[in-house]
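See below for the structure under consideration.
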Amino acid sequence: SQYDGHPAQAVAPGGSYAVSIPIVQQPSMCWYHSHTHDATGSQVYRGLAGLFFIEDPERDAALGLPTGDHDGPLAIRDWMSNGSYQLNYSPSMFQNMWGYLGDTALVNGTPEAWLAVDQGVWRFRVLNACNARVLRLGFSDGRGMRVVGSDGGLTGSQDVVTQLDLGPGQRAEILVSFAGLAVGSSTVLRSLEFPRTPSMGHAGPRQGDPLDLMTFHVDAEGGSGAFPGALPQPEFPNPATATRTRTFALGRFMGGHTINGTTYDLNRTDFEVPCGEVEIWEFQNQTTDFHPMHCHGAFFQVLTRNGATASLPTDKGWRDTVLVHPNETVRIAVAFGSNPGIYLMHCHNLEHERQM
């Protein structure tokens with residue numbers, strides 16, 4: 001927990017400390033970012049974030065997953081464009097309420113990003129690094145994406161979808177074949193349009209606005225067209241052994257955001273979890289906002305949405321963030337193992353994060 005990023009662990013100006021993290025999880029795409037209380041949204045928007053990977057190339061090759069040049073990260077964020085190309089962070093009252101959204105996409109820090117590809121199968125490790133925007137990923141030509149990985153690594157599934165919702169902080173590994181696209185043609189990865197919120201009182205970009213993210217140009221024939229066979233299944237704790245259920249009501253009060261009626265206090269501990277025990281957590285979204293709920297210190301399994309077995313591709317595998325839709329209830333199973341300490345649970349909309 002001493003390296004987990006609790007805001008009480010702030011580094012003073014001119015100071016430093018060494019970080020040493022034991023790797024005790026499966027190969028996966030990970031990221032890190034500033035977690036300064038009241039400044040996370042500003043600092044992450046301005047660039048204090050990055051990727052790191054836990055890798056097992058021999059395992060991936062044995063499973064038939066694309067490797068090398070056909071395996072790459074796509075860290076996607078939005079940016080409020082301006083003529084001076086500055087990362088200006090100045091949310092209005094409404095943007096503090098609903099989230100700071102930009103009008104332009106950056107992929108790996110690049111506007112109008114593009115990649116030259118062959119017609120084979122490619123593996124993309126996708127991170128929604130936006131402060132607040134929910135990405136509904138899809139290609140302009142409707143081609144399928146095979147979802148094989150989540151926040152915590154491979155899911156054991158290979159769901160083929162034409163659109164995929166990722167909330168801020170969530171990761172997904174997708175396989176995409178560019179077969180059928182002639183050399184010289186292209187397709188665009190987009191954030192597709194969905195019903196916009198809020199509908200009143202807010203000017204500028206809104207949740208659900210469409211946004212072009214990245215163009216893929218086919219410049220070579222061939223490439224491996226093979227998809228992997230069966231992928232390993234994660235081993236989850238048994239929800240039937242849960243010792244208790246905790247309920248977290250996600251609400252709004254006076255324009256702010258609350259969990260169980262309270263806002264975050266750096267000096268308050270809200271509950272204690274015994275090491276090694278399985279718990280059920282229930283997130284009850286009582287608002288019209290999206291809340292990507294994020295847990296530090298442990299991965300979890302998504303169990304149900306509104307009482308039905310969770311079946312979205314982004315619900316499968318180990319997760320550390322789950323997107324709770326407006327007026328939705330989501331249940332997860334979580335176990336903290338044997339790493340005691342002080343951890344956080346919060347919304348990963350970074351304009352909400354300072355309050356909940």
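Letters A, B, ... mark the chains of the structure tokens in the order given; residue numbers begin at 1 per chain; ligand numbers begin at 1, in order shown.
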Surrounding residues of A:Ala10 excluding itself and chain neighbours under 6 positions, 12 Å, only C-alpha atoms, as a list in words: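 My list of contacting residues is Gln2, Tyr3, Asp4, Ser16, Tyr17, Ser34, His35, Thr36, His37, Asp38, Ala39, Thr40 and Leu266 of chain A.
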Only all heavy atoms, please: the residues just picked out, written as a compact mmCIF listing (two decimals), in the first residue's frame.
```
# COMPACT_ATOMS: atom_id res chain seq x y z
N GLN A 2 2.11 1.15 0.44
CA GLN A 2 2.95 2.36 0.50
C GLN A 2 3.30 2.87 -0.90
O GLN A 2 3.79 3.99 -1.05
CB GLN A 2 4.22 2.10 1.31
CG GLN A 2 5.20 1.11 0.68
CD GLN A 2 4.99 -0.29 1.19
OE1 GLN A 2 3.85 -0.70 1.41
NE2 GLN A 2 6.08 -1.04 1.35
N TYR A 3 3.07 2.07 -1.94
CA TYR A 3 3.34 2.51 -3.31
C TYR A 3 2.05 2.62 -4.13
O TYR A 3 2.09 2.69 -5.35
CB TYR A 3 4.28 1.51 -4.00
CG TYR A 3 5.56 1.26 -3.25
CD1 TYR A 3 5.95 -0.03 -2.93
CD2 TYR A 3 6.39 2.31 -2.88
CE1 TYR A 3 7.13 -0.28 -2.24
CE2 TYR A 3 7.57 2.08 -2.18
CZ TYR A 3 7.94 0.78 -1.87
OH TYR A 3 9.10 0.56 -1.20
N ASP A 4 0.93 2.62 -3.46
CA ASP A 4 -0.34 2.49 -4.17
C ASP A 4 -0.88 3.81 -4.70
O ASP A 4 -1.78 3.83 -5.51
CB ASP A 4 -1.38 1.83 -3.26
CG ASP A 4 -2.69 1.56 -3.98
OD1 ASP A 4 -2.66 0.80 -4.96
OD2 ASP A 4 -3.72 2.12 -3.58
N SER A 16 11.54 13.22 -3.46
CA SER A 16 11.42 12.00 -4.25
C SER A 16 11.31 10.82 -3.30
O SER A 16 11.59 10.94 -2.10
CB SER A 16 12.64 11.81 -5.16
OG SER A 16 13.81 11.60 -4.37
N TYR A 17 10.88 9.68 -3.83
CA TYR A 17 10.98 8.44 -3.09
C TYR A 17 11.06 7.29 -4.08
O TYR A 17 10.59 7.40 -5.21
CB TYR A 17 9.82 8.26 -2.10
CG TYR A 17 8.48 7.93 -2.70
CD1 TYR A 17 8.03 6.61 -2.79
CD2 TYR A 17 7.63 8.94 -3.15
CE1 TYR A 17 6.79 6.32 -3.31
CE2 TYR A 17 6.38 8.65 -3.67
CZ TYR A 17 5.96 7.33 -3.75
OH TYR A 17 4.73 7.04 -4.27
N SER A 34 -0.80 10.56 -11.66
CA SER A 34 -0.84 11.39 -10.45
C SER A 34 -2.13 11.13 -9.68
O SER A 34 -3.18 10.87 -10.27
CB SER A 34 -0.75 12.86 -10.84
OG SER A 34 -1.14 13.68 -9.76
N HIS A 35 -2.03 11.21 -8.34
CA HIS A 35 -3.22 11.00 -7.52
C HIS A 35 -3.27 12.04 -6.40
O HIS A 35 -3.63 11.73 -5.26
CB HIS A 35 -3.23 9.59 -6.94
CG HIS A 35 -4.59 8.95 -6.96
ND1 HIS A 35 -5.67 9.46 -6.30
CD2 HIS A 35 -5.04 7.83 -7.61
CE1 HIS A 35 -6.72 8.69 -6.49
NE2 HIS A 35 -6.38 7.70 -7.29
N THR A 36 -2.92 13.27 -6.72
CA THR A 36 -2.90 14.34 -5.74
C THR A 36 -4.32 14.82 -5.46
O THR A 36 -5.04 15.18 -6.39
CB THR A 36 -2.06 15.52 -6.24
OG1 THR A 36 -0.77 15.03 -6.64
CG2 THR A 36 -1.90 16.58 -5.17
N HIS A 37 -4.71 14.83 -4.20
CA HIS A 37 -6.08 15.22 -3.86
C HIS A 37 -6.38 16.63 -4.37
O HIS A 37 -5.58 17.55 -4.20
CB HIS A 37 -6.27 15.15 -2.34
CG HIS A 37 -7.68 15.45 -1.91
ND1 HIS A 37 -8.79 14.92 -2.56
CD2 HIS A 37 -8.18 16.22 -0.91
CE1 HIS A 37 -9.89 15.34 -1.97
NE2 HIS A 37 -9.54 16.14 -0.97
N ASP A 38 -7.54 16.76 -5.00
CA ASP A 38 -8.03 18.02 -5.57
C ASP A 38 -7.28 18.44 -6.84
O ASP A 38 -7.60 19.48 -7.42
CB ASP A 38 -7.97 19.18 -4.57
CG ASP A 38 -9.20 19.22 -3.67
OD1 ASP A 38 -10.25 18.68 -4.07
OD2 ASP A 38 -9.11 19.79 -2.57
N ALA A 39 -6.25 17.68 -7.25
CA ALA A 39 -5.50 18.06 -8.45
C ALA A 39 -5.33 16.91 -9.44
O ALA A 39 -4.64 17.07 -10.44
CB ALA A 39 -4.13 18.60 -8.06
N THR A 40 -5.93 15.76 -9.17
CA THR A 40 -5.75 14.61 -10.06
C THR A 40 -6.20 14.93 -11.47
O THR A 40 -5.49 14.67 -12.45
CB THR A 40 -6.51 13.38 -9.53
OG1 THR A 40 -6.07 13.09 -8.20
CG2 THR A 40 -6.27 12.18 -10.41
N LEU A 266 -9.74 13.16 3.17
CA LEU A 266 -8.41 12.56 3.20
C LEU A 266 -8.10 11.92 4.55
O LEU A 266 -7.36 10.93 4.62
CB LEU A 266 -7.37 13.64 2.87
CG LEU A 266 -5.90 13.24 2.87
CD1 LEU A 266 -5.60 12.23 1.78
CD2 LEU A 266 -5.02 14.48 2.67
```
What are the nearest atom pairs, with distances in Å to one decimal, for all residues of stretch 103-211 of chain A that come at most 10 Å from stretch 21-29 of chain A, using only C-alpha atoms, set out by chain and rising residue number as a tab-separated table?
```
residue	atom	partner	partner_atom	distance
A:Arg125	CA	A:Met29	CA	6.8
A:Val126	CA	A:Met29	CA	8.4
A:Leu127	CA	A:Met29	CA	8.3
A:Gly149	CA	A:Ser28	CA	8.0
A:Ser150	CA	A:Ser28	CA	7.9
A:Asp151	CA	A:Met29	CA	6.8
A:Gly152	CA	A:Ser28	CA	5.7
A:Gly153	CA	A:Ser28	CA	4.3
A:Leu154	CA	A:Ser28	CA	7.5
A:Arg171	CA	A:Met29	CA	7.2
A:Ala172	CA	A:Met29	CA	8.4
A:Glu173	CA	A:Met29	CA	8.3
```
Using all heavy atoms, can you export the residues from the last selection as an mmCIF file, in the first residue's frame?
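Done, and the output landed in part26.cif:
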```
data_model
loop_
_atom_site.group_PDB
_atom_site.id
_atom_site.type_symbol
_atom_site.label_atom_id
_atom_site.label_comp_id
_atom_site.auth_asym_id
_atom_site.auth_seq_id
_atom_site.Cartn_x
_atom_site.Cartn_y
_atom_site.Cartn_z
ATOM 1 N N ARG A 125 -3.626 -2.958 -27.361
ATOM 2 C CA ARG A 125 -3.890 -2.810 -25.926
ATOM 3 C C ARG A 125 -4.443 -1.399 -25.735
ATOM 4 O O ARG A 125 -3.716 -0.416 -25.872
ATOM 5 C CB ARG A 125 -2.618 -2.977 -25.112
ATOM 6 C CG ARG A 125 -1.620 -4.010 -25.635
ATOM 7 C CD ARG A 125 -1.882 -5.412 -25.192
ATOM 8 N NE ARG A 125 -0.725 -6.249 -25.500
ATOM 9 C CZ ARG A 125 0.112 -6.743 -24.575
ATOM 10 N NH1 ARG A 125 -0.087 -6.470 -23.296
ATOM 11 N NH2 ARG A 125 1.124 -7.503 -24.930
ATOM 12 N N VAL A 126 -5.717 -1.300 -25.444
ATOM 13 C CA VAL A 126 -6.410 -0.014 -25.449
ATOM 14 C C VAL A 126 -6.641 0.454 -24.012
ATOM 15 O O VAL A 126 -7.157 -0.293 -23.179
ATOM 16 C CB VAL A 126 -7.757 -0.108 -26.185
ATOM 17 C CG1 VAL A 126 -8.403 1.275 -26.295
ATOM 18 C CG2 VAL A 126 -7.571 -0.708 -27.582
ATOM 19 N N LEU A 127 -6.261 1.688 -23.750
ATOM 20 C CA LEU A 127 -6.523 2.351 -22.468
ATOM 21 C C LEU A 127 -7.395 3.563 -22.712
ATOM 22 O O LEU A 127 -7.087 4.390 -23.570
ATOM 23 C CB LEU A 127 -5.204 2.800 -21.823
ATOM 24 C CG LEU A 127 -5.307 3.892 -20.739
ATOM 25 C CD1 LEU A 127 -6.011 3.358 -19.496
ATOM 26 C CD2 LEU A 127 -3.931 4.447 -20.382
ATOM 27 N N GLY A 149 -8.773 -9.405 -23.625
ATOM 28 C CA GLY A 149 -8.137 -9.019 -22.379
ATOM 29 C C GLY A 149 -8.828 -7.869 -21.693
ATOM 30 O O GLY A 149 -9.577 -7.106 -22.323
ATOM 31 N N SER A 150 -8.563 -7.724 -20.401
ATOM 32 C CA SER A 150 -9.194 -6.700 -19.564
ATOM 33 C C SER A 150 -8.121 -6.011 -18.744
ATOM 34 O O SER A 150 -6.930 -6.116 -19.019
ATOM 35 C CB SER A 150 -10.237 -7.359 -18.653
ATOM 36 O OG SER A 150 -9.590 -8.216 -17.723
ATOM 37 N N ASP A 151 -8.543 -5.308 -17.687
ATOM 38 C CA ASP A 151 -7.597 -4.613 -16.812
ATOM 39 C C ASP A 151 -6.521 -5.553 -16.278
ATOM 40 O O ASP A 151 -5.350 -5.182 -16.158
ATOM 41 C CB ASP A 151 -8.327 -3.997 -15.606
ATOM 42 C CG ASP A 151 -9.433 -3.038 -15.991
ATOM 43 O OD1 ASP A 151 -9.384 -2.492 -17.106
ATOM 44 O OD2 ASP A 151 -10.352 -2.843 -15.173
ATOM 45 N N GLY A 152 -6.921 -6.774 -15.938
ATOM 46 C CA GLY A 152 -6.030 -7.698 -15.260
ATOM 47 C C GLY A 152 -5.450 -8.783 -16.134
ATOM 48 O O GLY A 152 -4.914 -9.770 -15.621
ATOM 49 N N GLY A 153 -5.537 -8.652 -17.475
ATOM 50 C CA GLY A 153 -4.956 -9.648 -18.358
ATOM 51 C C GLY A 153 -6.000 -10.365 -19.179
ATOM 52 O O GLY A 153 -7.124 -9.881 -19.374
ATOM 53 N N LEU A 154 -5.640 -11.548 -19.687
ATOM 54 C CA LEU A 154 -6.532 -12.302 -20.565
ATOM 55 C C LEU A 154 -7.795 -12.721 -19.820
ATOM 56 O O LEU A 154 -7.758 -13.075 -18.636
ATOM 57 C CB LEU A 154 -5.820 -13.538 -21.113
ATOM 58 C CG LEU A 154 -4.592 -13.267 -21.989
ATOM 59 C CD1 LEU A 154 -3.955 -14.590 -22.426
ATOM 60 C CD2 LEU A 154 -4.945 -12.417 -23.203
ATOM 61 N N ARG A 171 -9.115 -0.773 -19.359
ATOM 62 C CA ARG A 171 -8.288 -1.271 -20.447
ATOM 63 C C ARG A 171 -8.960 -2.464 -21.106
ATOM 64 O O ARG A 171 -9.741 -3.186 -20.466
ATOM 65 C CB ARG A 171 -6.895 -1.706 -19.944
ATOM 66 C CG ARG A 171 -5.985 -0.556 -19.576
ATOM 67 C CD ARG A 171 -6.128 -0.146 -18.128
ATOM 68 N NE ARG A 171 -5.569 -1.115 -17.218
ATOM 69 C CZ ARG A 171 -5.934 -1.219 -15.932
ATOM 70 N NH1 ARG A 171 -6.863 -0.430 -15.437
ATOM 71 N NH2 ARG A 171 -5.355 -2.109 -15.145
ATOM 72 N N ALA A 172 -8.630 -2.673 -22.376
ATOM 73 C CA ALA A 172 -9.103 -3.844 -23.106
ATOM 74 C C ALA A 172 -8.050 -4.237 -24.121
ATOM 75 O O ALA A 172 -7.409 -3.375 -24.725
ATOM 76 C CB ALA A 172 -10.439 -3.570 -23.808
ATOM 77 N N GLU A 173 -7.873 -5.533 -24.304
ATOM 78 C CA GLU A 173 -7.025 -6.037 -25.379
ATOM 79 C C GLU A 173 -7.940 -6.555 -26.476
ATOM 80 O O GLU A 173 -8.819 -7.386 -26.231
ATOM 81 C CB GLU A 173 -6.115 -7.158 -24.876
ATOM 82 C CG GLU A 173 -5.119 -6.702 -23.827
ATOM 83 C CD GLU A 173 -4.105 -7.780 -23.487
ATOM 84 O OE1 GLU A 173 -3.806 -8.617 -24.368
ATOM 85 O OE2 GLU A 173 -3.616 -7.778 -22.345
#
```
Option closest in space to A:Arg123, from A:Gly184, A:Pro66, A:Pro340, A:Gly222 [counting only C-alpha atoms]: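 Counting only C-alpha atoms, the residue closest to A:Arg123 is A:Pro66.
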A:Gln158 environment, 7 Å, only C-alpha atoms, sequence neighbours closer than 5 positions dropped, as a list in words: Arg146, Val147 and Val148 of chain A
Residue contacts of stretch 223-229 of chain A (6 Å, only C-alpha atoms) excluding same-chain residues fewer than 6 positions away, as a count of residues only: 6
Contacts of A:Trp31 at 10 Å (only C-alpha atoms; same-chain gap of 6+ positions) as a list in words: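 These residues fall inside the cut-off: Ala49, Gly50, Leu51, Phe52, Phe53, Ala75, Leu127, Ala129, Asp151, Gly169, Gln170 and Arg171 of chain A.
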Those same residues, written as a CSV table (one decimal), in the first residue's frame with C-alpha atoms?
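File written: result37.csv
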```csv
chain,number,residue,atom,x,y,z
A,49,ALA,CA,0.3,9.5,-16.6
A,50,GLY,CA,2.0,6.7,-18.4
A,51,LEU,CA,1.8,3.0,-19.4
A,52,PHE,CA,3.7,0.0,-18.3
A,53,PHE,CA,3.4,-3.7,-19.3
A,75,ALA,CA,-3.6,5.2,-25.0
A,127,LEU,CA,-6.5,2.4,-22.5
A,129,ALA,CA,-7.0,7.7,-20.5
A,151,ASP,CA,-7.6,-4.6,-16.8
A,169,GLY,CA,-9.3,4.0,-16.5
A,170,GLN,CA,-10.5,0.8,-18.2
A,171,ARG,CA,-8.3,-1.3,-20.4
```
Near-stretch 319-329 of chain A list (7 Å; only C-alpha atoms; drop same-chain fewer than 3 positions) as a PyMOL selection string: chain A and resi 150-152+167+169-170+282-295+298-301+305-306
At a cut-off of 10 Å, can you tabulate as CSV every residue of stretch 71-136 of chain A near stretch 243-260 of chain A together with its closest atom pair and the distance in Å to one decimal, using only C-alpha atoms and ordering rows by chain then number?
```
residue,atom,partner,partner_atom,distance
A:Met93,CA,A:Gly255,CA,8.7
A:Phe94,CA,A:Gly255,CA,8.6
A:Asn96,CA,A:Gly256,CA,8.5
A:Met97,CA,A:Gly255,CA,6.2
A:Trp98,CA,A:Gly255,CA,9.3
```
Those same residues - N, CA and C atoms - I'd like them written as a PDB file, in the first residue's frame.
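Result went into part-v9.pdb, see below:
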```
ATOM      1  N   MET A  93     -18.294  25.180 -14.219  1.00  0.00           N
ATOM      2  CA  MET A  93     -19.078  24.567 -13.154  1.00  0.00           C
ATOM      3  C   MET A  93     -19.731  23.275 -13.649  1.00  0.00           C
ATOM      4  N   PHE A  94     -20.289  23.326 -14.867  1.00  0.00           N
ATOM      5  CA  PHE A  94     -20.949  22.136 -15.407  1.00  0.00           C
ATOM      6  C   PHE A  94     -19.929  21.042 -15.710  1.00  0.00           C
ATOM      7  N   ASN A  96     -17.127  20.516 -14.108  1.00  0.00           N
ATOM      8  CA  ASN A  96     -16.775  19.903 -12.828  1.00  0.00           C
ATOM      9  C   ASN A  96     -17.854  18.934 -12.374  1.00  0.00           C
ATOM     10  N   MET A  97     -19.091  19.184 -12.788  1.00  0.00           N
ATOM     11  CA  MET A  97     -20.198  18.334 -12.379  1.00  0.00           C
ATOM     12  C   MET A  97     -20.245  17.054 -13.205  1.00  0.00           C
ATOM     13  N   TRP A  98     -20.078  17.188 -14.523  1.00  0.00           N
ATOM     14  CA  TRP A  98     -20.254  16.035 -15.415  1.00  0.00           C
ATOM     15  C   TRP A  98     -18.938  15.487 -15.962  1.00  0.00           C
TER      16      TRP A  98
END
```
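On the backbone of this structure, DSSP gives strand (DSSP E) within stretch 52-100 of chain A to Phe52, Phe53, Ile54, Asp71, Gly72, Pro73, Leu74, Ala75, Ile76, Arg77, Asp78 and Trp79 of chain A.
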Store the residues of this selection in a file with all heavy atoms, as an mmCIF file, in the first residue's frame.
```cif
data_model
loop_
_atom_site.group_PDB
_atom_site.id
_atom_site.type_symbol
_atom_site.label_atom_id
_atom_site.label_comp_id
_atom_site.auth_asym_id
_atom_site.auth_seq_id
_atom_site.Cartn_x
_atom_site.Cartn_y
_atom_site.Cartn_z
ATOM 1 N N PHE A 52 2.704 0.984 -18.375
ATOM 2 C CA PHE A 52 3.736 -0.037 -18.257
ATOM 3 C C PHE A 52 3.081 -1.399 -18.455
ATOM 4 O O PHE A 52 1.876 -1.560 -18.267
ATOM 5 C CB PHE A 52 4.506 0.045 -16.932
ATOM 6 C CG PHE A 52 3.701 -0.274 -15.691
ATOM 7 C CD1 PHE A 52 3.662 -1.552 -15.168
ATOM 8 C CD2 PHE A 52 3.014 0.727 -15.019
ATOM 9 C CE1 PHE A 52 2.944 -1.841 -14.024
ATOM 10 C CE2 PHE A 52 2.296 0.451 -13.854
ATOM 11 C CZ PHE A 52 2.259 -0.837 -13.371
ATOM 12 N N PHE A 53 3.887 -2.342 -18.909
ATOM 13 C CA PHE A 53 3.370 -3.652 -19.280
ATOM 14 C C PHE A 53 4.040 -4.743 -18.462
ATOM 15 O O PHE A 53 5.248 -4.716 -18.235
ATOM 16 C CB PHE A 53 3.629 -3.931 -20.771
ATOM 17 C CG PHE A 53 2.828 -3.069 -21.694
ATOM 18 C CD1 PHE A 53 3.295 -1.819 -22.070
ATOM 19 C CD2 PHE A 53 1.604 -3.487 -22.163
ATOM 20 C CE1 PHE A 53 2.552 -1.006 -22.903
ATOM 21 C CE2 PHE A 53 0.854 -2.686 -23.001
ATOM 22 C CZ PHE A 53 1.333 -1.440 -23.370
ATOM 23 N N ILE A 54 3.244 -5.695 -18.021
ATOM 24 C CA ILE A 54 3.746 -6.949 -17.472
ATOM 25 C C ILE A 54 3.610 -7.963 -18.599
ATOM 26 O O ILE A 54 2.492 -8.213 -19.071
ATOM 27 C CB ILE A 54 2.947 -7.372 -16.234
ATOM 28 C CG1 ILE A 54 3.027 -6.282 -15.161
ATOM 29 C CG2 ILE A 54 3.443 -8.704 -15.691
ATOM 30 C CD1 ILE A 54 2.072 -6.485 -14.007
ATOM 31 N N ASP A 71 1.625 -5.928 -32.161
ATOM 32 C CA ASP A 71 1.105 -5.809 -30.795
ATOM 33 C C ASP A 71 1.503 -4.430 -30.278
ATOM 34 O O ASP A 71 2.683 -4.153 -30.093
ATOM 35 C CB ASP A 71 1.706 -6.917 -29.929
ATOM 36 C CG ASP A 71 1.344 -6.798 -28.453
ATOM 37 O OD1 ASP A 71 0.429 -6.017 -28.116
ATOM 38 O OD2 ASP A 71 1.987 -7.482 -27.641
ATOM 39 N N GLY A 72 0.530 -3.550 -30.062
ATOM 40 C CA GLY A 72 0.888 -2.198 -29.657
ATOM 41 C C GLY A 72 -0.158 -1.538 -28.784
ATOM 42 O O GLY A 72 -1.334 -1.908 -28.791
ATOM 43 N N PRO A 73 0.275 -0.519 -28.015
ATOM 44 C CA PRO A 73 -0.637 0.193 -27.126
ATOM 45 C C PRO A 73 -1.362 1.330 -27.834
ATOM 46 O O PRO A 73 -0.791 2.003 -28.703
ATOM 47 C CB PRO A 73 0.292 0.742 -26.043
ATOM 48 C CG PRO A 73 1.583 0.994 -26.777
ATOM 49 C CD PRO A 73 1.675 -0.072 -27.829
ATOM 50 N N LEU A 74 -2.603 1.557 -27.444
ATOM 51 C CA LEU A 74 -3.368 2.724 -27.887
ATOM 52 C C LEU A 74 -3.907 3.413 -26.632
ATOM 53 O O LEU A 74 -4.966 3.040 -26.112
ATOM 54 C CB LEU A 74 -4.529 2.330 -28.805
ATOM 55 C CG LEU A 74 -4.212 1.513 -30.061
ATOM 56 C CD1 LEU A 74 -5.495 1.229 -30.835
ATOM 57 C CD2 LEU A 74 -3.200 2.223 -30.938
ATOM 58 N N ALA A 75 -3.171 4.384 -26.136
ATOM 59 C CA ALA A 75 -3.630 5.167 -24.985
ATOM 60 C C ALA A 75 -4.439 6.344 -25.521
ATOM 61 O O ALA A 75 -3.888 7.264 -26.130
ATOM 62 C CB ALA A 75 -2.442 5.655 -24.160
ATOM 63 N N ILE A 76 -5.742 6.295 -25.312
ATOM 64 C CA ILE A 76 -6.655 7.250 -25.932
ATOM 65 C C ILE A 76 -7.134 8.254 -24.892
ATOM 66 O O ILE A 76 -7.577 7.885 -23.799
ATOM 67 C CB ILE A 76 -7.870 6.523 -26.543
ATOM 68 C CG1 ILE A 76 -7.398 5.511 -27.598
ATOM 69 C CG2 ILE A 76 -8.848 7.518 -27.158
ATOM 70 C CD1 ILE A 76 -8.504 4.601 -28.091
ATOM 71 N N ARG A 77 -7.038 9.515 -25.242
ATOM 72 C CA ARG A 77 -7.585 10.569 -24.386
ATOM 73 C C ARG A 77 -8.143 11.673 -25.269
ATOM 74 O O ARG A 77 -7.863 11.734 -26.470
ATOM 75 C CB ARG A 77 -6.503 11.124 -23.461
ATOM 76 C CG ARG A 77 -5.259 11.596 -24.175
ATOM 77 C CD ARG A 77 -4.308 12.290 -23.252
ATOM 78 N NE ARG A 77 -4.879 13.523 -22.719
ATOM 79 C CZ ARG A 77 -4.174 14.436 -22.057
ATOM 80 N NH1 ARG A 77 -2.890 14.246 -21.827
ATOM 81 N NH2 ARG A 77 -4.739 15.526 -21.629
ATOM 82 N N ASP A 78 -8.961 12.530 -24.683
ATOM 83 C CA ASP A 78 -9.481 13.671 -25.430
ATOM 84 C C ASP A 78 -8.846 14.952 -24.910
ATOM 85 O O ASP A 78 -8.356 15.026 -23.784
ATOM 86 C CB ASP A 78 -11.007 13.730 -25.404
ATOM 87 C CG ASP A 78 -11.602 13.674 -24.008
ATOM 88 O OD1 ASP A 78 -10.851 13.509 -23.024
ATOM 89 O OD2 ASP A 78 -12.834 13.796 -23.900
ATOM 90 N N TRP A 79 -8.867 15.951 -25.772
ATOM 91 C CA TRP A 79 -8.148 17.200 -25.518
ATOM 92 C C TRP A 79 -9.010 18.352 -26.017
ATOM 93 O O TRP A 79 -9.614 18.270 -27.096
ATOM 94 C CB TRP A 79 -6.812 17.145 -26.265
ATOM 95 C CG TRP A 79 -6.055 18.444 -26.407
ATOM 96 C CD1 TRP A 79 -5.605 19.247 -25.413
ATOM 97 C CD2 TRP A 79 -5.629 19.053 -27.636
ATOM 98 N NE1 TRP A 79 -4.928 20.327 -25.941
ATOM 99 C CE2 TRP A 79 -4.928 20.225 -27.303
ATOM 100 C CE3 TRP A 79 -5.774 18.710 -28.986
ATOM 101 C CZ2 TRP A 79 -4.380 21.073 -28.273
ATOM 102 C CZ3 TRP A 79 -5.218 19.542 -29.951
ATOM 103 C CH2 TRP A 79 -4.533 20.714 -29.583
#
```
Nearby residues (only C-alpha atoms) at most 7 Å from stretch 45-48 of chain A, same-chain spacing under 2 positions excluded, as a ChimeraX atom specification: /A:33-34,41-43,87,131
Residues of the last selection are to be written out with C-alpha atoms, as a PDB file, in the first residue's frame.
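part.pdb, written as the output of this step:
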```pdb
ATOM      1  CA  HIS A  33      -0.936   8.562 -12.934  1.00  0.00           C
ATOM      2  CA  SER A  34      -0.836  11.386 -10.455  1.00  0.00           C
ATOM      3  CA  GLY A  41      -7.932  15.816 -12.930  1.00  0.00           C
ATOM      4  CA  SER A  42      -5.671  18.761 -13.699  1.00  0.00           C
ATOM      5  CA  GLN A  43      -2.400  16.856 -13.430  1.00  0.00           C
ATOM      6  CA  LEU A  87      -2.970  21.379 -22.305  1.00  0.00           C
ATOM      7  CA  ASN A 131     -10.588  12.383 -17.663  1.00  0.00           C
TER       8      ASN A 131
END
```
Residue list (helix (DSSP H, G or I), DSSP) for stretch 93-236 of chain A, as a PyMOL selection string: chain A and resi 93-98
Point-to-point distance from atom CA of A:Thr104 to atom CA of A:Leu189, Å rounded to tenths: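 Value for the atom CA of A:Thr104-atom CA of A:Leu189 distance: 13.5 Å.
You will find atom CA of A:Val134 at 11.1 Å from atom CA of A:Leu211.
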Pick from A:Arg206, A:Lys316, A:Arg190, A:Arg268, whichever lies nearest to A:Tyr343 using only C-alpha atoms: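 Of all the options, A:Arg268 lies closest to A:Tyr343.
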